[in-house]
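Engineer: Here it is: the structure, laid out below.
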Amino acid sequence: VGGGTVRDLCLGAPVFWTYLTEHIYICIIVSLSTFMLWPQALRLGLHDTHLALLWADAVALASAAVIGAHISHIRTGDPMITIVLGLVTSLFGGIFCDVCCQQQPRVLYAERSMYATPALLGIALYVTLVRTPVPQSVVISVSFLASMITRVLAWTYRLRMPHWTRASRRFRADQILFPKPGEKGAAKIVEVEITTKAPPGKR
């Protein structure tokens, strides 16, 4: 809903859930059910990196990417806009969720398995095939499968995009200490080292 809303606003089109209201009801029912049942799910060993949830997320990611690309292509016909708004549809909902939960957005973790790249692959494949004589149903199916399978391979084999290694950052901070008897206020330089690492156990 979040990514699709931004997509429709960018296209200047009516936001889809204002006339396809079943999307809102589904979101409300699923959200409330998850909130109420999550403690029981944790006791049963279901956590946010459980294989069932990873598969569900892969299907949702691929679906949103291809649907967003398809709608954008129909409305604009422009390949670049199709790619950008396809990514918006597939990623912005998760980004909004993470920001509201005061978490760093999942897509920004360079050290973790690829997330945006599988969506981009499916969208790029859609943009390429949609301009060929290939039937539309085949274009959508192939793009969806490519995106989903790439995401599955990413978490299975810990595939990551190349990125610059972030070295430890050091900075100096002045700390005013209590003066010793007979001395005036003295300043001491404190060295602080911060190393950014990916959260343990996260895919």
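Residues are named by chain letter and number: chains run A, B, ... in the order of the structure tokens, numbers start at 1 in each chain, and ligands are numbered from 1 in the order shown.
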Might you pull out every residue within 9 Å of A:Val66, with only C-alpha atoms counted and same-chain residues fewer than 3 positions away left off, and present them as a PyMOL selection string?

Structural biologist: chain A and resi 61-63+69-71+86+89-90+119+122-123+126+140-141+143-144+147

Engineer: Find the residues near A:Val107: any atom within 12 Å, counting only C-alpha atoms, skip ones fewer than 5 places away on the same chain, and give them as a PyMOL selection string.

Structural biologist: chain A and resi 61+87-88+90-99+112-119+160-161+203

Engineer: Go through A:Trp164, A:Phe35, A:Pro133, A:Trp55 one by one, measure the shortest atom-to-atom distance of each to A:Thr150 using only C-alpha atoms, and give the residue with the smallest value.

Structural biologist: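 That would be A:Trp55, the residue with the smallest distance to A:Thr150.
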
Engineer: Got a sec: who's within 10 Å of A:Ile81, counting only C-alpha atoms, leaving out chain neighbours fewer than 4 positions off, as a ChimeraX atom specification?

Structural biologist: /A:10-11,69,72-73,75-77,85-87

Engineer: Next, the residues of the selection above should be written as an mmCIF file, in the first residue's frame with C-alpha atoms.

Structural biologist:
data_model
loop_
_atom_site.group_PDB
_atom_site.id
_atom_site.type_symbol
_atom_site.label_atom_id
_atom_site.label_comp_id
_atom_site.auth_asym_id
_atom_site.auth_seq_id
_atom_site.Cartn_x
_atom_site.Cartn_y
_atom_site.Cartn_z
ATOM 1 C CA CYS A 10 3.953 10.489 -8.780
ATOM 2 C CA LEU A 11 1.822 9.489 -11.766
ATOM 3 C CA ALA A 69 6.435 -1.589 -13.459
ATOM 4 C CA SER A 72 3.854 2.653 -14.790
ATOM 5 C CA HIS A 73 4.469 1.314 -18.296
ATOM 6 C CA ARG A 75 0.439 5.017 -17.913
ATOM 7 C CA THR A 76 3.680 6.489 -19.288
ATOM 8 C CA GLY A 77 5.374 4.085 -21.699
ATOM 9 C CA LEU A 85 8.326 3.703 -10.110
ATOM 10 C CA GLY A 86 8.616 -0.076 -10.132
ATOM 11 C CA LEU A 87 11.323 0.250 -7.488
#
